[in-house]
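Q: For reference, this is query-v6.txt, and it has compact mmCIF, C-alpha atoms.
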```
# COMPACT_ATOMS: atom_id res chain seq x y z
CA MET A 1 98.20 148.83 132.66
CA ALA A 2 99.90 145.52 131.81
CA LYS A 3 100.69 144.83 128.17
CA HIS A 4 98.14 142.66 126.38
CA TYR A 5 99.23 139.68 124.26
CA HIS A 6 97.21 137.81 121.70
CA VAL A 7 99.20 134.58 122.08
CA TYR A 8 101.64 133.30 124.70
CA ALA A 9 103.55 130.21 123.53
CA VAL A 10 105.98 127.79 125.11
CA GLY A 11 108.29 125.62 123.02
CA THR A 12 111.75 124.69 121.87
CA ALA A 13 114.42 126.95 120.37
CA PHE A 14 116.72 125.73 117.61
CA VAL A 15 119.09 127.25 115.11
CA ASP A 16 119.23 125.55 111.71
CA ILE A 17 122.76 125.39 110.30
CA GLU A 18 122.45 124.49 106.63
CA MET A 19 125.43 123.60 104.46
CA ASP A 20 126.24 121.93 101.15
CA VAL A 21 128.08 118.62 101.41
CA ILE A 22 128.83 115.62 99.22
CA ASP A 23 128.06 111.96 99.88
CA ASP A 24 131.66 111.29 100.91
CA ASP A 25 131.32 113.88 103.70
CA LEU A 26 128.39 111.95 105.17
CA LYS A 27 130.33 108.71 104.98
CA LYS A 28 133.32 110.25 106.76
CA ILE A 29 131.17 111.44 109.67
CA ALA A 30 129.16 108.16 109.69
CA ILE A 31 125.75 109.81 109.28
CA SER A 32 122.98 108.04 107.35
CA LYS A 33 121.92 110.03 104.31
CA GLY A 34 118.38 111.41 104.22
CA LEU A 35 117.56 110.60 107.85
CA MET A 36 117.20 112.50 111.12
CA THR A 37 119.88 111.58 113.67
CA TYR A 38 119.76 112.72 117.31
CA VAL A 39 123.19 113.56 118.73
CA ASN A 40 124.60 114.45 122.16
CA GLU A 41 126.99 117.30 122.96
CA GLU A 42 130.17 115.27 122.36
CA ARG A 43 128.94 114.00 118.99
CA GLN A 44 127.79 117.49 118.04
CA GLU A 45 131.29 118.88 118.66
CA GLN A 46 132.79 116.08 116.55
CA LEU A 47 130.46 116.84 113.66
CA LEU A 48 131.10 120.57 113.75
CA TYR A 49 134.86 119.97 113.79
CA CYS A 50 134.71 117.55 110.85
CA LEU A 51 132.50 119.95 108.88
CA ARG A 52 134.38 123.11 109.89
CA HIS A 53 135.37 123.95 106.30
CA HIS A 54 131.70 123.79 105.23
CA LEU A 55 130.58 125.97 108.15
CA VAL A 56 132.26 128.99 106.56
CA HIS A 57 129.62 128.93 103.82
CA SER A 58 126.68 127.74 105.93
CA ASN A 59 123.40 129.58 106.46
CA ARG A 60 121.71 129.99 109.85
CA THR A 61 117.99 130.35 110.61
CA SER A 62 116.06 130.28 113.87
CA SER A 63 113.74 127.29 113.83
CA GLY A 64 111.32 125.04 115.67
CA SER A 65 107.64 124.47 114.93
CA THR A 66 106.37 126.77 117.68
CA THR A 67 109.00 129.36 116.76
CA ASN A 68 107.64 129.40 113.21
CA THR A 69 104.06 129.73 114.45
CA ILE A 70 104.73 132.54 116.94
CA ILE A 71 106.78 134.51 114.38
CA ALA A 72 103.97 134.09 111.83
CA ILE A 73 101.49 135.63 114.30
CA ALA A 74 103.86 138.51 115.07
CA GLN A 75 104.54 139.24 111.39
CA PHE A 76 100.83 139.46 110.72
CA GLY A 77 100.73 142.12 113.43
CA GLY A 78 99.79 140.12 116.54
CA GLN A 79 101.25 140.73 120.01
CA THR A 80 103.16 137.61 121.07
CA PHE A 81 105.30 136.28 123.90
CA TYR A 82 107.50 133.17 123.74
CA SER A 83 109.00 131.11 126.56
CA CYS A 84 111.95 129.00 125.42
CA GLN A 85 115.54 128.15 126.32
CA VAL A 86 118.73 129.24 124.58
CA GLY A 87 122.35 129.14 125.72
CA ASN A 88 124.62 132.10 126.38
CA ASP A 89 126.41 131.53 123.08
CA ASP A 90 126.54 132.89 119.54
CA ASN A 91 123.64 130.72 118.33
CA GLY A 92 121.54 131.83 121.30
CA ARG A 93 122.18 135.48 120.53
CA PHE A 94 121.39 134.83 116.85
CA TYR A 95 118.11 133.15 117.80
CA LEU A 96 117.01 135.96 120.11
CA LYS A 97 117.87 138.56 117.48
CA ASP A 98 115.49 136.77 115.10
CA LEU A 99 112.74 136.99 117.73
CA GLN A 100 113.47 140.69 118.22
CA THR A 101 113.40 141.35 114.47
CA ALA A 102 109.98 139.70 114.27
CA ASP A 103 108.82 141.71 117.32
CA VAL A 104 108.25 138.62 119.45
CA ASN A 105 108.56 139.31 123.19
CA TYR A 106 110.44 136.92 125.49
CA HIS A 107 111.94 136.96 128.98
CA ILE A 108 115.64 137.79 128.96
CA GLU A 109 116.42 135.39 131.83
CA ASN A 110 116.31 132.61 129.23
CA HIS A 111 119.54 133.96 127.77
CA LYS A 112 121.52 133.55 130.98
CA ASP A 113 121.85 129.76 130.86
CA GLU A 114 125.41 128.54 130.44
CA GLY A 115 124.41 125.53 128.33
CA ILE A 116 124.48 125.22 124.55
CA THR A 117 121.69 126.36 122.23
CA GLY A 118 119.91 123.55 120.39
CA THR A 119 120.75 123.13 116.72
CA TYR A 120 119.73 121.30 113.58
CA LEU A 121 122.60 120.51 111.23
CA VAL A 122 121.04 120.38 107.76
CA MET A 123 123.39 118.83 105.22
CA VAL A 124 122.32 119.12 101.58
CA THR A 125 123.92 116.86 98.96
CA PRO A 126 124.09 117.72 95.22
CA ASP A 127 120.94 115.63 94.57
CA ALA A 128 119.08 118.07 96.91
CA GLU A 129 118.50 115.41 99.58
CA ARG A 130 118.63 116.78 103.10
CA THR A 131 120.20 114.98 106.06
CA HIS A 132 119.54 116.24 109.60
CA CYS A 133 121.36 115.99 112.92
CA ARG A 134 119.42 117.29 115.91
CA PHE A 135 121.10 118.45 119.10
CA LEU A 136 118.65 119.41 121.87
CA GLY A 137 121.07 121.46 123.94
CA VAL A 138 119.42 123.53 126.70
CA ASN A 139 115.97 122.60 125.42
CA GLU A 140 116.41 119.51 127.60
CA ILE A 141 116.33 121.56 130.81
CA GLN A 142 113.23 123.60 130.02
CA SER A 143 110.76 123.30 132.87
CA GLU A 144 107.67 124.70 134.54
CA TYR A 145 109.85 127.37 136.16
CA ASP A 146 110.30 128.99 132.74
CA ILE A 147 106.57 129.78 132.58
CA VAL A 148 105.63 133.44 133.17
CA PRO A 149 102.21 133.50 134.94
CA GLU A 150 101.64 137.26 134.71
CA VAL A 151 102.11 137.19 130.93
CA ILE A 152 99.75 134.22 130.55
CA ALA A 153 97.12 136.16 132.52
CA ALA A 154 97.50 139.06 130.07
CA SER A 155 97.02 136.85 126.97
CA ASP A 156 94.04 135.73 124.88
CA TYR A 157 95.50 132.28 124.13
CA VAL A 158 98.32 130.02 125.24
CA TYR A 159 99.79 127.71 122.60
CA PHE A 160 102.07 124.68 122.65
CA GLU A 161 103.00 121.66 120.52
CA ALA A 162 102.62 118.04 121.62
CA TYR A 163 106.39 117.72 121.20
CA MET A 164 106.55 119.38 124.61
CA ILE A 165 105.25 116.28 126.40
CA THR A 166 108.12 114.00 125.38
CA SER A 167 110.24 114.77 128.46
CA LEU A 168 108.99 114.88 132.05
CA SER A 169 110.27 118.42 132.66
CA THR A 170 108.59 119.92 129.58
CA PHE A 171 105.45 117.85 130.25
CA ALA A 172 105.33 119.47 133.70
CA ALA A 173 105.71 122.86 132.00
CA VAL A 174 102.69 122.18 129.80
CA ILE A 175 100.59 121.05 132.78
CA ARG A 176 101.53 124.25 134.63
CA LEU A 177 100.80 126.34 131.54
CA CYS A 178 97.29 124.89 131.27
CA GLU A 179 96.61 125.29 135.00
CA ILE A 180 97.53 128.99 134.94
CA ALA A 181 95.51 129.55 131.76
CA GLU A 182 92.41 127.96 133.29
CA LEU A 183 92.74 130.00 136.47
CA ASN A 184 92.84 133.20 134.41
CA ASN A 185 90.20 132.26 131.83
CA VAL A 186 92.80 132.22 129.06
CA LYS A 187 92.03 129.93 126.13
CA ILE A 188 94.25 126.92 125.41
CA ALA A 189 95.44 125.91 121.92
CA MET A 190 97.57 122.88 121.07
CA ASN A 191 99.06 121.24 117.97
CA PHE A 192 99.29 117.43 117.84
CA SER A 193 102.73 117.76 116.15
CA ASP A 194 103.26 114.21 114.94
CA SER A 195 101.49 110.84 114.73
CA ASP A 196 104.37 109.09 116.51
CA ILE A 197 104.00 111.47 119.46
CA ILE A 198 100.33 110.50 119.73
CA MET A 199 101.06 106.78 119.72
CA THR A 200 104.09 106.91 122.05
CA PHE A 201 102.82 109.44 124.60
CA HIS A 202 99.08 108.81 124.47
CA ASP A 203 98.73 108.68 128.27
CA ARG A 204 100.40 112.08 128.74
CA LEU A 205 98.24 113.60 126.02
CA PHE A 206 95.15 112.15 127.67
CA GLU A 207 96.22 113.78 130.96
CA ILE A 208 96.22 117.17 129.22
CA LEU A 209 93.04 116.53 127.23
CA LYS A 210 90.89 115.03 130.00
CA LYS A 211 89.36 118.51 130.06
CA PRO A 212 88.52 119.79 126.57
CA ILE A 213 90.88 122.50 125.34
CA ASP A 214 89.68 125.46 123.30
CA LEU A 215 91.51 124.85 120.02
CA LEU A 216 93.32 121.87 118.51
CA PHE A 217 95.39 121.80 115.32
CA CYS A 218 96.20 118.51 113.61
CA ASN A 219 96.63 117.01 110.17
CA ARG A 220 94.63 114.11 108.80
CA ASN A 221 97.15 111.42 109.85
CA GLU A 222 97.35 112.78 113.40
CA ALA A 223 93.55 112.86 113.68
CA ILE A 224 93.39 109.23 112.52
CA SER A 225 96.12 108.23 115.00
CA TRP A 226 94.26 109.78 117.93
CA CYS A 227 90.82 108.48 116.91
CA GLN A 228 92.01 105.10 115.55
CA THR A 229 89.73 105.37 112.51
CA ASP A 230 89.73 107.09 109.12
CA ARG A 231 85.96 107.56 109.07
CA ILE A 232 85.59 111.32 109.17
CA LYS A 233 82.27 111.41 111.07
CA ILE A 234 83.73 109.27 113.86
CA VAL A 235 86.91 111.39 113.86
CA ILE A 236 84.86 114.57 114.29
CA ASN A 237 82.80 113.08 117.12
CA LYS A 238 85.91 111.89 118.96
CA LEU A 239 87.78 115.18 118.54
CA LYS A 240 84.72 117.05 119.86
CA ARG A 241 85.33 115.32 123.20
CA ILE A 242 88.81 116.86 123.60
CA ALA A 243 88.53 120.26 121.86
CA ARG A 244 85.76 122.84 121.57
CA THR A 245 87.18 123.93 118.23
CA PHE A 246 89.56 122.00 116.00
CA VAL A 247 91.23 122.32 112.62
CA ILE A 248 92.23 119.32 110.52
CA THR A 249 94.60 120.28 107.71
CA ARG A 250 94.24 118.07 104.62
CA GLY A 251 96.95 119.18 102.22
CA ALA A 252 95.63 120.11 98.77
CA GLU A 253 92.06 119.48 100.01
CA GLY A 254 92.28 122.47 102.36
CA ALA A 255 91.21 122.24 105.99
CA LEU A 256 88.21 121.10 108.00
CA VAL A 257 87.32 123.60 110.73
CA TYR A 258 84.91 122.55 113.47
CA ASP A 259 83.57 125.28 115.75
CA GLY A 260 81.92 123.77 118.79
CA THR A 261 81.57 126.79 121.02
CA GLN A 262 106.04 120.87 108.64
CA ARG A 263 106.24 123.51 107.32
CA ALA A 264 102.82 124.74 106.15
CA GLY A 265 101.22 123.52 109.37
CA ASP A 266 103.23 126.03 111.42
CA MET A 267 102.11 128.90 109.18
CA PHE A 268 98.51 127.64 109.21
CA ALA A 269 98.44 127.65 113.01
CA GLY A 270 100.06 131.08 113.18
CA ALA A 271 97.68 132.67 110.66
CA PHE A 272 94.63 131.01 112.24
CA LEU A 273 95.57 132.15 115.76
CA PHE A 274 96.20 135.67 114.46
CA GLY A 275 92.77 135.74 112.80
CA ILE A 276 90.73 134.57 115.76
CA THR A 277 92.53 136.97 118.13
CA HIS A 278 91.78 139.88 115.77
CA GLY A 279 88.02 139.63 115.44
CA GLN A 280 87.78 137.10 112.59
CA ASP A 281 85.31 134.23 112.74
CA TYR A 282 86.61 130.68 112.27
CA LEU A 283 85.73 130.55 108.56
CA THR A 284 87.55 133.80 107.80
CA ALA A 285 90.56 132.77 109.91
CA GLY A 286 90.59 129.40 108.15
CA ASN A 287 90.61 131.08 104.75
CA LEU A 288 93.52 133.33 105.77
CA ALA A 289 95.40 130.34 107.19
CA SER A 290 94.84 128.26 104.04
CA LEU A 291 96.07 131.13 101.85
CA ALA A 292 99.17 131.62 104.00
CA ALA A 293 99.95 127.88 104.19
CA ALA A 294 99.58 127.49 100.42
CA THR A 295 102.00 130.37 99.90
CA VAL A 296 104.58 128.76 102.20
CA VAL A 297 104.34 125.50 100.24
CA SER A 298 105.14 127.33 97.00
CA ASN A 299 108.19 129.04 98.55
CA TYR A 300 111.46 127.77 100.00
CA GLY A 301 111.54 127.43 103.77
CA SER A 302 108.92 127.29 106.52
CA ARG A 303 108.36 131.03 106.97
CA LEU A 304 107.46 134.09 104.92
CA SER A 305 108.76 137.65 105.18
CA ALA A 306 106.76 140.13 107.25
CA GLU A 307 106.08 142.12 104.08
CA LYS A 308 104.67 139.04 102.31
CA GLN A 309 102.44 138.23 105.27
CA LYS A 310 101.02 141.76 105.27
CA GLN A 311 100.30 141.36 101.54
CA LEU A 312 98.46 138.10 102.24
CA LEU A 313 96.41 139.80 104.95
CA VAL A 314 95.33 142.52 102.50
CA GLN A 315 94.56 139.85 99.87
CA SER A 316 92.52 137.81 102.34
CA ASN A 317 90.54 140.88 103.46
CA HIS A 318 89.85 141.77 99.81
CA LEU A 319 88.59 138.25 99.06
CA GLN A 320 86.42 138.33 102.17
CA GLN A 321 84.78 141.59 101.07
CA LYS A 322 83.91 139.99 97.73
CA THR A 323 81.99 137.12 99.33
```
Once you've parsed the file, please lay out its structure as structure tokens.
A:
Amino acid sequence: MAKHYHVYAVGTAFVDIEMDVIDDDLKKIAISKGLMTYVNEERQEQLLYCLRHHLVHSNRTSSGSTTNTIIAIAQFGGQTFYSCQVGNDDNGRFYLKDLQTADVNYHIENHKDEGITGTYLVMVTPDAERTHCRFLGVNEIQSEYDIVPEVIAASDYVYFEAYMITSLSTFAAVIRLCEIAELNNVKIAMNFSDSDIIMTFHDRLFEILKKPIDLLFCNRNEAISWCQTDRIKIVINKLKRIARTFVITRGAEGALVYDGTQRAGDMFAGAFLFGITHGQDYLTAGNLASLAAATVVSNYGSRLSAEKQKQLLVQSNHLQQKT
């Protein structure tokens, strides 16, 4: 009997390389403080060479929004599978080890690419301001051929972020993912990712959402960007046309969950997907997700330890029994 998965996800793979620098370091490498800068391979090599003395004391973490979500599901106890691209290099091996530690399944062929693993250089100045340089690496060549149909067929949900539609090759991968899911009666979940993505790639999103998906995650600003209004009743009616169920996260105000059948948002999606694939109704899953997201906000970083997530699950179950 084939292994069953609660969630199959497709997304990017990055390794965060965080280091302490001073303002003069940023000036020397001509990087604007406090901003995100996209760099190519040549520029990436220049930066790493110039910062080589800081690299000795740097910290590495696997990253990416979908990575955070799929690890959150796995650490709650869900069975997960992730399709991504890493290079056959030290960062790629580091990234895959993180997936293994979290008990996330993946296909080993991804590790055979001779390109370079994508990275985020995170430079922190003494005033605690963070400056980012993003290198896509082999994420740029991810395509529909990286999708694993037999694993999708053995899953409850497929999940992806709207970031995946920004290149033609990854857009094709998302289209293929949805086609296979529909053919096998597997539910489709998506995260809007970012308001700029909605505005810039509206036509590609519309291509995916011309048939309603099963579950949509978004924050308030993303919902407004898609619906072009801040009137909540109109927002709900418009989102009902593209998703049978949707969750709008609203920061300190919690989340609005409609059942029609950075970052804390990653944890929210992971906890919510875990809940609904483990017998919880949408209200209970929403409560677990809100608890988990609030805990992430009060801690450093975008993820929690597996032990902490298990504690949250026990806490959530206890609160549910009281109601």
Q: So which residues touch A:Ala289 within 6 Å, counting all atoms listed in the file, skipping near sequence neighbours fewer than 6 positions away, as a PyMOL selection string?
A: chain A and resi 268+271-272
Q: Please compute the atom CA of A:Ala162-atom CA of A:Phe76 distance, one decimal, in Å.
A: 24.1 Å
Q: If I take atom CA of A:Phe81 and atom CA of A:Ala223, how far is one from the other in Å, to one decimal?
A: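 Atom CA of A:Phe81 sits 28.1 Å away from atom CA of A:Ala223.
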Q: Provide the atom CA of A:Asn105 to atom CA of A:Tyr82 distance in Å, to one decimal place.
A: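 Atom CA of A:Asn105 sits 6.3 Å away from atom CA of A:Tyr82.
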Q: Please list as a ChimeraX atom specification every residue within 6 Å of stretch 43-59 of chain A, counting only C-alpha atoms and excluding residues in the same chain fewer than 5 positions away.
A: /A:17-19
Q: Could those selected residues go to a file with C-alpha atoms, as a JSON list (two decimals), in the coordinates of the input?
A:
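Generated output (out16.json):
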```json
[["chain", "number", "residue", "atom", "x", "y", "z"],
["A", 17, "ILE", "CA", 122.76, 125.39, 110.30],
["A", 18, "GLU", "CA", 122.45, 124.49, 106.63],
["A", 19, "MET", "CA", 125.43, 123.60, 104.46]]
```
Q: Kindly list the centre and edge lengths in Å, rounded to one decimal, for the axis-aligned box that covers all listed atoms of stretch 245-250 of chain A plus 4 Å on each of its six sides, as lines of an AutoDock Vina configuration file.
A:
```
center_x = 90.9
center_y = 121.0
center_z = 111.4
size_x = 15.4
size_y = 13.9
size_z = 21.6
```
Q: Can you pull out every residue within 12 Å of A:Glu161, counting only C-alpha atoms, but drop anything in the same chain fewer than 2 positions away, and send it as a VMD selection string?
A: chain A and resid 9 to 12 64 to 70 158 to 159 163 to 166 170 to 171 173 to 174 188 to 194 197 to 198 205 208 215 to 218 265 to 266 269
Q: Contacts of stretch 36-38 of chain A at 10 Å or less, counting all atoms listed in the file, minus same-chain residues fewer than 2 places along, as a list of chain:residue names?
A: A:Ile31, A:Ser32, A:Lys33, A:Gly34, A:Asn40, A:Arg43, A:Gln44, A:Tyr120, A:Leu121, A:Val122, A:Arg130, A:Thr131, A:His132, A:Cys133, A:Arg134, A:Phe135, A:Leu136
Q: Quick one: of A:Leu304, A:Val15, A:Ile22, A:Ile276, who's nearest to A:Lys97, counting all atoms listed in the file?
A: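 Of the candidates, the smallest distance to A:Lys97 is held by A:Val15.
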Q: Show which residues sit within 12 Å of A:His278, as a list in words. Count all atoms listed in the file, and ignore same-chain residues fewer than 6 positions away.
A: Tyr5, His6, Val7, Ile73, Phe76, Gly77, Gly78, Gln79, Asp156, Tyr157, Ala271, Phe272, Thr284, Ala285 and Leu313 of chain A
Q: Determine the nearest neighbour of A:Ser63 from the options A:Ser290, A:Arg303, A:Asn237, A:Ile242, counting only C-alpha atoms.
A: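 The answer is A:Arg303, which sits nearest to A:Ser63.
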Q: Calculated over only C-alpha atoms, which of the candidates A:Thr245, A:Gln280, A:Ser225, A:Asn139 has the smallest distance to A:Ser316?
A: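 Of the candidates, the smallest distance to A:Ser316 is held by A:Gln280.
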Q: Looking at A:Gln321, A:Thr61, A:Ser155, A:Ser195, which one is nearest to A:Asn91, with distances taken over all atoms listed in the file?
A: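 Closest to A:Asn91, using all atoms listed in the file: A:Thr61.
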Q: Which of these residues is nearest to A:Cys227, using all atoms listed in the file: A:Ala293, A:Met199, A:Ala172, A:Ala74?
A: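 Between A:Ala293, A:Met199, A:Ala172, A:Ala74, the residue approaching A:Cys227 most closely is A:Met199.
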Q: Counting all atoms listed in the file, figure out which residue out of A:Asn184, A:Ser305, A:Gln228, A:Gln320 gets nearest to A:Leu283.
A: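 Ranking A:Asn184, A:Ser305, A:Gln228, A:Gln320 by distance to A:Leu283, first place goes to A:Gln320.
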Q: Taking the block above, write stretch 148-168 of chain A with N, CA, C and O atoms as a PDB file, in the first residue's frame.
A:
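Saved the output as part06.pdb:
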```
ATOM      1  N   VAL A 148       5.626  15.270  -8.545  1.00  0.00           N
ATOM      2  CA  VAL A 148       5.580  13.808  -8.397  1.00  0.00           C
ATOM      3  C   VAL A 148       4.109  13.363  -8.343  1.00  0.00           C
ATOM      4  O   VAL A 148       3.484  13.376  -7.278  1.00  0.00           O
ATOM      5  N   PRO A 149       3.531  12.969  -9.496  1.00  0.00           N
ATOM      6  CA  PRO A 149       2.091  12.669  -9.566  1.00  0.00           C
ATOM      7  C   PRO A 149       1.631  11.595  -8.588  1.00  0.00           C
ATOM      8  O   PRO A 149       0.548  11.725  -7.987  1.00  0.00           O
ATOM      9  N   GLU A 150       2.416  10.525  -8.413  1.00  0.00           N
ATOM     10  CA  GLU A 150       1.970   9.433  -7.555  1.00  0.00           C
ATOM     11  C   GLU A 150       1.888   9.857  -6.090  1.00  0.00           C
ATOM     12  O   GLU A 150       1.075   9.325  -5.326  1.00  0.00           O
ATOM     13  N   VAL A 151       2.708  10.823  -5.693  1.00  0.00           N
ATOM     14  CA  VAL A 151       2.641  11.324  -4.320  1.00  0.00           C
ATOM     15  C   VAL A 151       1.440  12.252  -4.160  1.00  0.00           C
ATOM     16  O   VAL A 151       0.749  12.232  -3.133  1.00  0.00           O
ATOM     17  N   ILE A 152       1.171  13.072  -5.164  1.00  0.00           N
ATOM     18  CA  ILE A 152      -0.020  13.928  -5.125  1.00  0.00           C
ATOM     19  C   ILE A 152      -1.268  13.071  -4.962  1.00  0.00           C
ATOM     20  O   ILE A 152      -2.151  13.368  -4.149  1.00  0.00           O
ATOM     21  N   ALA A 153      -1.344  11.978  -5.730  1.00  0.00           N
ATOM     22  CA  ALA A 153      -2.508  11.095  -5.678  1.00  0.00           C
ATOM     23  C   ALA A 153      -2.694  10.461  -4.308  1.00  0.00           C
ATOM     24  O   ALA A 153      -3.811  10.071  -3.936  1.00  0.00           O
ATOM     25  N   ALA A 154      -1.607  10.376  -3.535  1.00  0.00           N
ATOM     26  CA  ALA A 154      -1.664   9.753  -2.209  1.00  0.00           C
ATOM     27  C   ALA A 154      -1.780  10.788  -1.094  1.00  0.00           C
ATOM     28  O   ALA A 154      -1.539  10.486   0.075  1.00  0.00           O
ATOM     29  N   SER A 155      -2.162  12.030  -1.444  1.00  0.00           N
ATOM     30  CA  SER A 155      -2.220  13.119  -0.470  1.00  0.00           C
ATOM     31  C   SER A 155      -3.646  13.624  -0.277  1.00  0.00           C
ATOM     32  O   SER A 155      -4.501  13.471  -1.158  1.00  0.00           O
ATOM     33  N   ASP A 156      -3.896  14.234   0.888  1.00  0.00           N
ATOM     34  CA  ASP A 156      -5.193  14.874   1.147  1.00  0.00           C
ATOM     35  C   ASP A 156      -5.262  16.249   0.487  1.00  0.00           C
ATOM     36  O   ASP A 156      -6.281  16.622  -0.075  1.00  0.00           O
ATOM     37  N   TYR A 157      -4.172  17.002   0.592  1.00  0.00           N
ATOM     38  CA  TYR A 157      -4.096  18.360   0.051  1.00  0.00           C
ATOM     39  C   TYR A 157      -2.798  18.557  -0.714  1.00  0.00           C
ATOM     40  O   TYR A 157      -1.772  17.953  -0.379  1.00  0.00           O
ATOM     41  N   VAL A 158      -2.837  19.440  -1.720  1.00  0.00           N
ATOM     42  CA  VAL A 158      -1.624  20.029  -2.271  1.00  0.00           C
ATOM     43  C   VAL A 158      -1.610  21.490  -1.838  1.00  0.00           C
ATOM     44  O   VAL A 158      -2.663  22.107  -1.639  1.00  0.00           O
ATOM     45  N   TYR A 159      -0.409  22.049  -1.677  1.00  0.00           N
ATOM     46  CA  TYR A 159      -0.284  23.420  -1.176  1.00  0.00           C
ATOM     47  C   TYR A 159       0.838  24.132  -1.918  1.00  0.00           C
ATOM     48  O   TYR A 159       1.896  23.560  -2.181  1.00  0.00           O
ATOM     49  N   PHE A 160       0.596  25.407  -2.244  1.00  0.00           N
ATOM     50  CA  PHE A 160       1.628  26.224  -2.874  1.00  0.00           C
ATOM     51  C   PHE A 160       1.375  27.696  -2.535  1.00  0.00           C
ATOM     52  O   PHE A 160       0.283  28.089  -2.133  1.00  0.00           O
ATOM     53  N   GLU A 161       2.403  28.509  -2.717  1.00  0.00           N
ATOM     54  CA  GLU A 161       2.326  29.949  -2.507  1.00  0.00           C
ATOM     55  C   GLU A 161       2.244  30.651  -3.855  1.00  0.00           C
ATOM     56  O   GLU A 161       2.787  30.177  -4.860  1.00  0.00           O
ATOM     57  N   ALA A 162       1.586  31.814  -3.870  1.00  0.00           N
ATOM     58  CA  ALA A 162       1.471  32.576  -5.118  1.00  0.00           C
ATOM     59  C   ALA A 162       2.824  33.025  -5.652  1.00  0.00           C
ATOM     60  O   ALA A 162       2.957  33.350  -6.832  1.00  0.00           O
ATOM     61  N   TYR A 163       3.852  33.033  -4.807  1.00  0.00           N
ATOM     62  CA  TYR A 163       5.203  33.333  -5.295  1.00  0.00           C
ATOM     63  C   TYR A 163       5.580  32.435  -6.464  1.00  0.00           C
ATOM     64  O   TYR A 163       6.389  32.820  -7.321  1.00  0.00           O
ATOM     65  N   MET A 164       4.999  31.250  -6.505  1.00  0.00           N
ATOM     66  CA  MET A 164       5.362  30.270  -7.530  1.00  0.00           C
ATOM     67  C   MET A 164       4.936  30.681  -8.942  1.00  0.00           C
ATOM     68  O   MET A 164       5.383  30.091  -9.913  1.00  0.00           O
ATOM     69  N   ILE A 165       4.087  31.685  -9.074  1.00  0.00           N
ATOM     70  CA  ILE A 165       3.610  32.051 -10.413  1.00  0.00           C
ATOM     71  C   ILE A 165       4.460  33.141 -11.057  1.00  0.00           C
ATOM     72  O   ILE A 165       4.192  33.558 -12.182  1.00  0.00           O
ATOM     73  N   THR A 166       5.500  33.596 -10.373  1.00  0.00           N
ATOM     74  CA  THR A 166       6.254  34.747 -10.882  1.00  0.00           C
ATOM     75  C   THR A 166       7.167  34.419 -12.057  1.00  0.00           C
ATOM     76  O   THR A 166       7.579  35.325 -12.778  1.00  0.00           O
ATOM     77  N   SER A 167       7.523  33.152 -12.254  1.00  0.00           N
ATOM     78  CA  SER A 167       8.278  32.764 -13.445  1.00  0.00           C
ATOM     79  C   SER A 167       7.428  31.787 -14.255  1.00  0.00           C
ATOM     80  O   SER A 167       6.573  31.089 -13.705  1.00  0.00           O
ATOM     81  N   LEU A 168       7.663  31.729 -15.557  1.00  0.00           N
ATOM     82  CA  LEU A 168       6.850  30.870 -16.416  1.00  0.00           C
ATOM     83  C   LEU A 168       7.024  29.397 -16.082  1.00  0.00           C
ATOM     84  O   LEU A 168       6.070  28.614 -16.139  1.00  0.00           O
TER      85      LEU A 168
END
```
